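Student: File name query.cif; file contents mmCIF, C-alpha atoms; full text below.
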data_start
#
loop_
_atom_site.label_atom_id
_atom_site.label_comp_id
_atom_site.auth_asym_id
_atom_site.auth_seq_id
_atom_site.Cartn_x
_atom_site.Cartn_y
_atom_site.Cartn_z
CA MET K 1 30.47 54.96 -26.52
CA ASN K 2 31.49 52.02 -28.68
CA ASP K 3 29.95 51.27 -32.06
CA SER K 4 27.76 48.42 -30.77
CA ASN K 5 26.25 50.57 -28.00
CA TYR K 6 25.78 53.42 -30.47
CA SER K 7 23.85 51.20 -32.92
CA THR K 8 21.72 49.69 -30.15
CA LYS K 9 20.91 53.10 -28.67
CA TYR K 10 19.73 54.62 -31.94
CA ALA K 11 17.93 51.44 -32.98
CA LEU K 12 15.92 51.81 -29.77
CA VAL K 13 15.28 55.48 -30.55
CA TYR K 14 14.05 54.71 -34.09
CA THR K 15 11.95 51.79 -32.83
CA THR K 16 10.29 54.04 -30.23
CA LEU K 17 9.56 56.76 -32.80
CA ILE K 18 8.11 54.35 -35.36
CA THR K 19 6.06 52.59 -32.69
CA LEU K 20 4.62 55.94 -31.56
CA ILE K 21 3.77 56.78 -35.19
CA LEU K 22 2.04 53.41 -35.61
CA LEU K 23 0.02 53.78 -32.41
CA ALA K 24 -2.62 55.91 -34.19
CA PRO K 25 -3.45 53.36 -36.95
CA LEU K 26 -3.22 50.57 -34.36
CA PHE K 27 -5.76 52.41 -32.22
CA TYR K 28 -8.15 52.70 -35.16
CA TYR K 29 -7.56 49.04 -35.99
CA PHE K 30 -8.27 48.14 -32.36
CA THR K 31 -11.52 50.16 -32.43
CA TYR K 32 -12.51 48.49 -35.70
CA MET K 33 -11.79 45.01 -34.31
CA LYS K 34 -13.84 45.76 -31.19
CA HIS K 35 -16.70 46.85 -33.41
CA ILE K 36 -16.46 43.65 -35.47
CA HIS K 37 -16.32 41.57 -32.29
CA SER K 38 -19.38 43.38 -30.98
CA ILE K 39 -21.30 42.76 -34.24
CA GLN K 40 -20.45 39.07 -34.05
CA ASN K 41 -21.76 38.99 -30.48
CA GLU K 42 -24.95 40.77 -31.58
CA LEU K 43 -25.52 38.11 -34.24
CA LEU K 44 -25.07 35.40 -31.59
CA LEU K 45 -27.67 37.10 -29.36
CA LYS K 46 -30.09 37.38 -32.29
CA GLU K 47 -29.54 33.71 -33.06
CA LYS K 48 -30.38 32.77 -29.44
CA SER K 49 -33.43 35.04 -29.43
CA LEU K 50 -34.73 33.32 -32.57
CA LEU K 51 -34.26 29.92 -30.91
CA ILE K 52 -36.26 31.09 -27.86
CA VAL K 53 -39.03 32.56 -30.01
CA LYS K 54 -39.16 29.34 -32.06
CA ALA K 55 -39.42 27.29 -28.86
CA MET K 56 -42.36 29.44 -27.72
CA GLN K 57 -43.98 29.13 -31.14
CA ASP K 58 -43.67 25.37 -31.02
CA TYR K 59 -45.26 25.22 -27.59
CA ASN K 60 -48.53 23.32 -27.58
CA GLN K 61 -51.14 24.94 -25.33
CA ASP K 62 -52.42 21.50 -24.40
CA GLU K 63 -49.14 20.67 -22.69
CA GLU K 64 -49.10 20.99 -18.91
CA PHE K 65 -46.10 23.35 -18.77
CA PHE K 66 -43.60 25.12 -21.03
CA GLU K 67 -39.89 24.36 -20.58
CA TYR K 68 -38.18 27.68 -21.08
CA PRO K 69 -34.83 27.36 -23.01
CA ARG K 70 -31.67 27.71 -20.91
CA TYR K 71 -28.08 28.17 -22.05
CA LYS K 72 -24.70 28.11 -20.31
CA THR K 73 -23.37 31.42 -21.60
CA PHE K 74 -26.65 33.22 -22.32
CA THR K 75 -29.46 34.32 -20.02
CA SER K 76 -32.83 35.66 -21.05
CA GLY K 77 -36.25 36.73 -19.84
CA LEU K 78 -39.75 37.79 -20.87
CA TYR K 79 -41.02 41.27 -19.93
CA ASP K 80 -44.31 43.14 -20.23
CA GLU K 81 -44.87 46.61 -21.72
CA SER K 82 -43.53 48.26 -18.55
CA PHE K 83 -40.44 46.04 -18.61
CA LYS K 84 -41.64 44.17 -15.58
CA PRO K 85 -40.47 40.55 -15.65
CA ILE K 86 -43.02 37.89 -16.49
CA PHE K 87 -40.33 35.21 -16.41
CA SER K 88 -36.63 36.02 -16.22
CA LEU K 89 -33.32 34.26 -15.70
CA LEU K 90 -31.41 37.56 -15.75
CA GLU K 91 -29.46 38.63 -12.66
CA TYR K 92 -28.65 41.99 -14.17
CA ASN K 93 -30.44 45.32 -13.93
CA ILE K 94 -31.29 46.51 -17.43
CA LYS K 95 -30.25 50.14 -17.97
CA TYR K 96 -31.46 50.84 -21.49
CA PHE K 97 -35.14 49.92 -22.08
CA LYS K 98 -35.24 50.19 -25.83
CA ASP K 99 -35.40 47.46 -28.42
CA GLY K 100 -32.07 46.72 -30.07
CA TYR K 101 -28.52 45.75 -29.12
CA HIS K 102 -26.88 47.38 -26.10
CA LEU K 103 -23.40 47.35 -24.52
CA ASP K 104 -22.72 48.17 -20.88
CA GLY K 105 -19.08 47.48 -20.07
CA ASN K 106 -18.67 43.73 -20.37
CA HIS K 107 -22.43 43.20 -20.44
CA ALA K 108 -24.18 42.85 -23.79
CA TYR K 109 -27.92 42.35 -24.25
CA LEU K 110 -30.49 42.36 -27.02
CA ILE K 111 -34.07 43.60 -26.52
CA VAL K 112 -36.51 42.02 -29.00
CA LYS K 113 -40.01 43.39 -29.38
CA LEU K 114 -42.62 40.61 -29.45
CA PRO K 115 -46.14 40.57 -30.99
CA ASN K 116 -48.84 41.68 -28.56
CA ARG K 117 -50.15 38.94 -26.24
CA ARG K 118 -48.70 36.15 -28.33
CA TYR K 119 -46.06 34.72 -26.03
CA PHE K 120 -47.41 34.40 -22.47
CA GLY K 121 -48.49 38.05 -22.51
CA ALA K 122 -44.87 39.21 -22.95
CA LYS K 123 -44.04 42.36 -24.92
CA TYR K 124 -40.23 42.06 -24.86
CA LEU K 125 -37.65 39.31 -24.94
CA ILE K 126 -34.25 40.18 -23.49
CA VAL K 127 -31.25 37.98 -24.23
CA LYS K 128 -27.95 38.73 -22.47
CA ASN K 129 -24.38 37.47 -22.28
CA SER K 130 -20.95 38.74 -21.19
CA ILE K 131 -18.69 40.05 -23.91
CA SER K 132 -14.90 39.95 -23.63
CA PHE K 133 -12.42 41.82 -25.80
CA ALA K 134 -9.47 39.81 -24.46
CA SER K 135 -8.87 38.19 -27.83
CA VAL K 136 -8.80 41.64 -29.48
CA TYR K 137 -6.33 42.96 -26.88
CA GLU K 138 -4.17 39.87 -27.31
CA LYS K 139 -4.15 40.26 -31.09
CA ILE K 140 -3.24 43.95 -30.90
CA LEU K 141 -0.44 43.27 -28.41
CA MET K 142 0.94 40.50 -30.62
CA ILE K 143 0.90 42.81 -33.65
CA LEU K 144 2.59 45.57 -31.63
CA PHE K 145 5.21 43.14 -30.31
CA PHE K 146 6.08 41.87 -33.79
CA ILE K 147 6.23 45.44 -35.14
CA VAL K 148 8.60 46.51 -32.36
CA VAL K 149 10.84 43.47 -32.78
CA LEU K 150 10.89 43.75 -36.58
CA VAL K 151 11.57 47.50 -36.57
CA PHE K 152 14.31 47.10 -33.94
CA ILE K 153 16.06 44.31 -35.88
CA LEU K 154 15.82 46.19 -39.18
CA SER K 155 16.99 49.45 -37.55
CA LEU K 156 19.93 47.67 -35.94
CA PHE K 157 20.81 45.95 -39.22
CA PHE K 158 20.66 49.10 -41.35
CA LEU K 159 22.46 51.25 -38.77
CA ARG K 160 25.32 48.78 -38.50
CA THR K 161 25.43 48.33 -42.29
CA PHE K 162 25.49 52.06 -43.00
CA ALA K 163 27.92 52.69 -40.14
CA LYS K 164 30.59 50.25 -41.38
CA PRO K 165 32.41 52.76 -43.67
CA PHE K 166 32.37 55.35 -40.86
CA GLN K 167 33.57 52.75 -38.34
CA LYS K 168 36.46 51.90 -40.62
CA MET K 169 37.30 55.57 -41.06
CA ASN K 170 37.06 56.22 -37.30
CA LYS K 171 39.27 53.24 -36.56
CA GLN K 172 41.89 54.51 -39.00
CA LEU K 173 41.63 57.97 -37.45
CA ASP K 174 41.96 56.55 -33.92
CA ASN K 175 45.01 54.54 -34.95
CA PHE K 176 46.50 57.64 -36.55
CA ILE K 177 45.93 59.69 -33.38
CA LYS K 178 47.40 56.93 -31.19
CA ASP K 179 50.47 56.63 -33.40
CA SER K 180 50.85 60.42 -33.57
CA VAL K 181 50.60 60.80 -29.80
CA HIS K 182 53.16 58.04 -29.33
CA GLU K 183 55.54 59.66 -31.84
CA ILE K 184 55.21 63.08 -30.14
CA ASN K 185 56.55 61.77 -26.84
CA THR K 186 60.04 60.91 -28.10
CA PRO K 187 61.00 64.28 -29.67
CA LEU K 188 59.33 66.07 -26.75
CA SER K 189 61.51 64.20 -24.28
CA ILE K 190 64.63 64.94 -26.38
CA ILE K 191 63.81 68.67 -26.44
CA ASN K 192 63.32 68.79 -22.67
CA VAL K 193 66.53 66.89 -21.96
CA ASN K 194 68.58 69.11 -24.25
CA ILE K 195 67.12 72.30 -22.80
CA ASP K 196 68.02 71.09 -19.30
CA LEU K 197 71.57 70.21 -20.44
CA TYR K 198 71.97 73.60 -22.09
CA ASN K 199 70.75 75.44 -18.99
CA ARG K 200 73.27 73.56 -16.83
CA LYS K 201 76.22 74.58 -19.01
CA ASN K 202 75.09 78.09 -19.91
CA GLU K 203 73.40 81.02 -18.32
CA GLU K 204 69.64 81.01 -18.52
CA ASN K 205 68.13 83.21 -21.21
CA LYS K 206 64.58 84.15 -22.06
CA TYR K 207 64.56 82.16 -25.31
CA MET K 208 65.34 78.90 -23.57
CA GLN K 209 62.80 79.73 -20.87
CA ARG K 210 60.14 80.22 -23.52
CA MET K 211 61.10 76.95 -25.20
CA LYS K 212 60.97 75.15 -21.86
CA ALA K 213 57.54 76.65 -21.07
CA ALA K 214 56.25 75.71 -24.52
CA THR K 215 57.39 72.10 -24.12
CA LYS K 216 55.59 71.91 -20.77
CA VAL K 217 52.36 73.15 -22.34
CA LEU K 218 52.81 70.62 -25.14
CA SER K 219 53.60 67.92 -22.61
CA ASN K 220 50.36 68.65 -20.74
CA ILE K 221 48.37 68.35 -24.00
CA TYR K 222 50.20 65.08 -24.76
CA ASN K 223 49.38 63.68 -21.30
CA ASP K 224 45.68 64.58 -21.79
CA MET K 225 45.52 62.87 -25.17
CA ASP K 226 47.42 59.84 -23.91
CA TYR K 227 45.02 59.53 -20.95
CA LEU K 228 41.98 59.99 -23.18
CA ILE K 229 43.12 57.20 -25.50
CA LYS K 230 44.07 54.69 -22.80
CA HIS K 231 41.79 55.34 -19.80
CA GLU K 232 38.96 53.02 -20.92
CA ARG K 233 41.15 49.96 -21.24
CA LEU K 234 43.60 50.54 -18.38
CA THR K 235 43.13 49.90 -14.68
CA TYR K 236 44.50 52.74 -12.58
CA GLU K 237 45.82 51.45 -9.29
CA LYS K 238 45.43 53.66 -6.25
CA VAL K 239 48.18 54.52 -3.80
CA GLN K 240 48.63 56.70 -0.73
CA ILE K 241 49.57 60.21 -1.90
CA ASN K 242 50.78 63.15 0.17
CA ILE K 243 48.68 65.70 -1.71
CA LYS K 244 50.57 68.70 -0.31
CA GLU K 245 53.93 67.49 -1.63
CA PHE K 246 52.34 66.33 -4.90
CA LEU K 247 50.70 69.75 -5.38
CA GLN K 248 53.95 71.64 -4.63
CA GLU K 249 55.72 69.62 -7.29
CA ARG K 250 53.06 70.42 -9.94
CA ILE K 251 53.06 74.12 -9.02
CA GLU K 252 56.83 74.20 -9.47
CA TYR K 253 56.46 72.45 -12.81
CA PHE K 254 54.06 75.13 -14.15
CA SER K 255 55.76 78.14 -12.56
CA GLU K 256 57.96 78.55 -15.65
CA VAL K 257 54.89 78.56 -17.90
CA ALA K 258 53.22 81.16 -15.67
CA ARG K 259 56.26 83.45 -15.78
CA MET K 260 55.98 83.70 -19.57
CA LYS K 261 52.70 85.59 -19.02
CA LYS K 262 54.07 87.44 -15.98
CA ILE K 263 51.70 85.50 -13.76
CA ILE K 264 52.57 84.67 -10.17
CA ILE K 265 51.32 81.42 -8.67
CA LYS K 266 50.56 81.98 -5.01
CA SER K 267 50.03 78.91 -2.88
CA GLU K 268 48.75 78.45 0.64
CA LEU K 269 49.03 74.75 1.37
CA GLN K 270 48.08 73.25 4.69
CA GLU K 271 48.57 69.65 5.70
CA CYS K 272 45.82 67.37 4.44
CA GLU K 273 45.55 63.67 5.09
CA SER K 274 47.24 61.50 2.49
CA ILE K 275 44.62 60.61 -0.09
CA TYR K 276 44.10 57.20 -1.66
CA MET K 277 44.03 57.83 -5.39
CA ASN K 278 45.81 57.07 -8.65
CA GLU K 279 48.77 59.41 -9.21
CA LYS K 280 48.14 59.83 -12.93
CA GLN K 281 44.52 60.78 -12.38
CA LEU K 282 45.38 63.24 -9.60
CA GLN K 283 48.03 64.77 -11.87
CA ARG K 284 45.48 65.22 -14.68
CA LEU K 285 43.14 66.97 -12.24
CA ILE K 286 45.80 69.34 -10.92
CA ASP K 287 47.65 69.97 -14.20
CA ASN K 288 44.52 70.84 -16.15
CA ASN K 289 43.36 73.28 -13.51
CA ILE K 290 46.72 75.06 -13.30
CA SER K 291 47.13 75.03 -17.08
CA ASN K 292 43.64 76.51 -17.62
CA ALA K 293 44.20 79.10 -14.90
CA ILE K 294 47.37 80.25 -16.69
CA LYS K 295 45.73 80.14 -20.13
CA TYR K 296 42.71 82.24 -19.16
CA SER K 297 44.40 84.66 -16.74
CA TYR K 298 45.31 88.18 -17.71
CA GLU K 299 49.00 89.09 -17.89
CA ASP K 300 50.55 90.57 -14.76
CA SER K 301 47.97 88.82 -12.59
CA SER K 302 48.15 85.96 -10.10
CA ILE K 303 46.75 82.49 -9.46
CA ASP K 304 45.81 81.45 -5.92
CA ILE K 305 46.05 77.77 -5.05
CA SER K 306 44.82 76.66 -1.63
CA LEU K 307 44.83 73.34 0.19
CA TYR K 308 43.14 72.93 3.57
CA MET K 309 41.04 70.65 5.78
CA LYS K 310 37.46 71.60 6.61
CA ASP K 311 34.74 69.44 8.14
CA ASN K 312 37.07 66.43 7.95
CA ARG K 313 37.34 66.86 4.20
CA CYS K 314 40.27 67.95 2.10
CA HIS K 315 39.58 71.11 0.03
CA LEU K 316 41.62 72.04 -3.04
CA SER K 317 41.03 75.44 -4.65
CA PHE K 318 42.31 77.05 -7.88
CA LYS K 319 41.47 80.74 -8.33
CA ASP K 320 42.49 82.93 -11.24
CA TYR K 321 41.87 86.59 -12.09
CA GLY K 322 41.15 86.34 -15.77
CA VAL K 323 38.45 86.27 -18.44
CA GLY K 324 36.00 84.17 -16.41
CA ILE K 325 33.45 81.67 -17.74
CA LYS K 326 30.12 82.59 -19.32
CA GLN K 327 28.58 79.09 -19.49
CA THR K 328 29.93 76.92 -16.69
CA GLU K 329 27.52 74.08 -17.54
CA LYS K 330 29.22 73.53 -20.93
CA ILE K 331 32.89 73.61 -20.03
CA PHE K 332 33.05 69.88 -19.23
CA THR K 333 31.74 68.90 -22.66
CA ARG K 334 34.45 67.25 -24.72
CA TYR K 335 35.97 69.53 -27.41
CA TYR K 336 34.03 72.54 -26.10
CA ARG K 337 36.11 75.72 -25.98
CA GLU K 338 34.52 78.95 -24.81
CA ASP K 339 37.34 80.97 -26.35
CA ALA K 340 38.90 79.23 -29.37
CA SER K 341 41.62 81.88 -29.59
CA LYS K 342 43.19 80.50 -26.39
CA GLY K 343 44.12 77.22 -28.09
CA GLY K 344 43.80 73.72 -26.73
CA PHE K 345 41.50 70.87 -27.74
CA GLY K 346 38.75 71.18 -25.15
CA ILE K 347 39.50 67.81 -23.54
CA GLY K 348 41.20 68.77 -20.26
CA LEU K 349 38.12 69.56 -18.18
CA ASN K 350 36.24 66.66 -19.75
CA ILE K 351 38.95 64.37 -18.35
CA VAL K 352 38.74 66.12 -14.97
CA LYS K 353 34.97 65.62 -14.92
CA SER K 354 35.29 61.88 -15.60
CA ILE K 355 37.85 61.52 -12.79
CA ILE K 356 35.94 63.45 -10.11
CA SER K 357 32.68 61.67 -11.02
CA LYS K 358 34.35 58.29 -10.58
CA GLU K 359 36.01 59.28 -7.30
CA ASN K 360 32.94 61.12 -5.89
CA ILE K 361 34.86 64.38 -5.56
CA ASP K 362 32.57 67.39 -5.24
CA LEU K 363 33.21 70.46 -7.38
CA GLN K 364 32.03 74.02 -6.82
CA ILE K 365 32.60 76.66 -9.51
CA GLU K 366 32.38 80.40 -9.02
CA SER K 367 33.01 82.59 -12.03
CA GLU K 368 32.42 86.16 -13.12
CA PRO K 369 33.24 87.31 -16.67
CA LYS K 370 36.35 89.51 -16.87
CA LYS K 371 37.04 89.04 -13.16
CA GLY K 372 38.05 85.43 -12.75
CA THR K 373 37.10 81.90 -11.80
CA GLN K 374 37.48 79.61 -8.80
CA PHE K 375 37.37 75.81 -8.94
CA LEU K 376 36.96 74.20 -5.51
CA TYR K 377 37.39 70.43 -5.23
CA ILE K 378 36.15 68.77 -2.05
CA PHE K 379 37.40 65.24 -1.52
CA PRO K 380 35.11 62.72 0.23
CA GLU K 381 35.41 62.38 3.98
CA ARG K 382 38.13 59.89 4.96
CA PHE K 383 39.02 59.68 1.26
CA TYR K 384 42.59 59.04 2.31
CA LYS K 385 41.78 55.56 3.59
CA SER K 386 41.59 52.59 1.29
CA VAL K 387 38.38 50.60 1.44
#
Give the structure from the file, written as structure tokens.
Tutor:
Amino acid sequence: MNDSNYSTKYALVYTTLITLILLAPLFYYFTYMKHIHSIQNELLLKEKSLLIVKAMQDYNQDEEFFEYPRYKTFTSGLYDESFKPIFSLLEYNIKYFKDGYHLDGNHAYLIVKLPNRRYFGAKYLIVKNSISFASVYEKILMILFFIVVLVFILSLFFLRTFAKPFQKMNKQLDNFIKDSVHEINTPLSIINVNIDLYNRKNEENKYMQRMKAATKVLSNIYNDMDYLIKHERLTYEKVQINIKEFLQERIEYFSEVARMKKIIIKSELQECESIYMNEKQLQRLIDNNISNAIKYSYEDSSIDISLYMKDNRCHLSFKDYGVGIKQTEKIFTRYYREDASKGGFGIGLNIVKSIISKENIDLQIESEPKKGTQFLYIFPERFYKSV
């Protein structure tokens, strides 16, 4: 993950956490604002009720009829002691027959007790309107939006500011590793060439065999580190590969390393269709499996490598008889090593995982501590054809 993605990811995490923390006070603020809005609506209803009462008070009994006040957003009515309508404009069934202010969903109404037999024999005046909390919701959402945006921007700013020294240090470290890996390749090649020249002119001896095996182990580590550094910025072109011949070559390469631990590599390779894959990536997959099998096998044991077709799919199996794996779910984590005494950097299987995930290669692992492990790779059907 690059620095920009890292900052954005954790800025989102911090923003989410702070937003969740602020939800409680926002909820109380929302409840308070609803209460205030409701009080304001109650005052409006009381104001309208006073206007209606005043209109009834001003009514002259000598007049032929009384024009009851009507409003666009308010309805009202006069009721007797039993809450039976004497005159009503309400199209709503009153649920709470008690003087005072009442809320029923979006319906708000005020019941005002009137003097006995003063206003057309009415005992109660009911004034009603519809109350909406849309403005409160809108205000809360706006506040929440500005909080989220502000917290995210500040989090992003501070994370990037605080991360700058570490970014500089990481960049220097990355450059150092890249330069170191590059410098390792030259002396490693010189050692291999000179060992081969010596073996041609002189009889083989165990010391040279050990040196040769050690350089191959080192070369495998170098190839892993080189791939890890470059794989994100390089495009790996795919070619047709005869996997049987390719596998035989890699087995031969590691046979010298296996002999140092008195391990025999047994292979049973059937013809599989030529697969369409990048050679470097296929080599990383095979080399890391053989290297790990040798590393974690007991001395005087064997490694079984099988290649066969089944259900129109190519199957590649690596089986060792060694220490086994206790936590198979962790072995693909970068830098994870179940047994640090065996050496390595814990990057080989992480590379393998990235390759098989990209190529949709299935993997089945069977392992039993102190008895051994089998890695079975199943290539996609018709994987050998380019698409």
Student: Can you give me, as an NGL selection string, the residues this file yields under the PyMOL selection byres ((chain K and resi 287) around 12)?
Tutor: :K and (216-217 or 219-224 or 246-255 or 257 or 279-286 or 288-295 or 318 or 348-349 or 351-352)
Student: One decimal, in Å: what's the spacing between atom CA of Ala108 of chain K and atom CA of Pro25 of chain K?
Tutor: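 It comes out at 26.7 Å.
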Student: Quick one: pull the distance between atom CA of Met33 of chain K and atom CA of Leu141 of chain K, Å, one decimal.
Tutor: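 Atom CA of Met33 of chain K sits 12.9 Å away from atom CA of Leu141 of chain K.
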Student: Once the PyMOL selection byres ((chain K and resi 80) around 7) has been applied to the shown file, what residues remain in the selection, as a list in words?
Tutor: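 That expression, the PyMOL selection byres ((chain K and resi 80) around 7), corresponds here to Tyr79, Glu81, Ser82, Phe83, Lys84, Pro85, Ile86, Gly121, Ala122, Lys123 and Tyr124 of chain K.
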Student: Which is closest to Val193 of chain K among K:His102, K:Lys206, K:Lys212, K:Lys128, if we use all atoms listed in the file?
Tutor: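 Ranked by minimum distance to Val193 of chain K, first place goes to K:Lys212.
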Student: Generate the coordinates of N, CA and C atoms for segment 312-325 of chain K; report them as a compact mmCIF listing (two decimals), in the coordinates of the input.
Tutor:
# COMPACT_ATOMS: atom_id res chain seq x y z
N ASN K 312 36.46 67.75 8.19
CA ASN K 312 37.07 66.43 7.95
C ASN K 312 37.20 66.08 6.47
N ARG K 313 37.20 67.09 5.64
CA ARG K 313 37.34 66.86 4.20
C ARG K 313 38.43 67.77 3.64
N CYS K 314 39.18 67.21 2.72
CA CYS K 314 40.27 67.95 2.10
C CYS K 314 39.72 68.85 1.00
N HIS K 315 40.04 70.14 1.02
CA HIS K 315 39.58 71.11 0.03
C HIS K 315 40.76 71.60 -0.81
N LEU K 316 40.59 71.59 -2.11
CA LEU K 316 41.62 72.04 -3.04
C LEU K 316 41.02 73.10 -3.95
N SER K 317 41.60 74.30 -3.92
CA SER K 317 41.03 75.44 -4.65
C SER K 317 42.03 76.03 -5.64
N PHE K 318 41.53 76.36 -6.85
CA PHE K 318 42.31 77.05 -7.88
C PHE K 318 41.54 78.32 -8.26
N LYS K 319 42.15 79.47 -8.03
CA LYS K 319 41.47 80.74 -8.33
C LYS K 319 42.35 81.60 -9.23
N ASP K 320 41.76 82.04 -10.34
CA ASP K 320 42.49 82.93 -11.24
C ASP K 320 41.75 84.26 -11.35
N TYR K 321 42.45 85.26 -11.89
CA TYR K 321 41.87 86.59 -12.09
C TYR K 321 41.96 86.91 -13.57
N GLY K 322 41.07 86.23 -14.32
CA GLY K 322 41.15 86.34 -15.77
C GLY K 322 39.81 86.59 -16.43
N VAL K 323 39.61 85.97 -17.59
CA VAL K 323 38.45 86.27 -18.44
C VAL K 323 37.14 85.73 -17.88
N GLY K 324 37.21 84.74 -16.97
CA GLY K 324 36.00 84.17 -16.41
C GLY K 324 35.31 83.22 -17.39
N ILE K 325 34.21 82.65 -16.94
CA ILE K 325 33.45 81.67 -17.74
C ILE K 325 32.01 82.15 -17.86
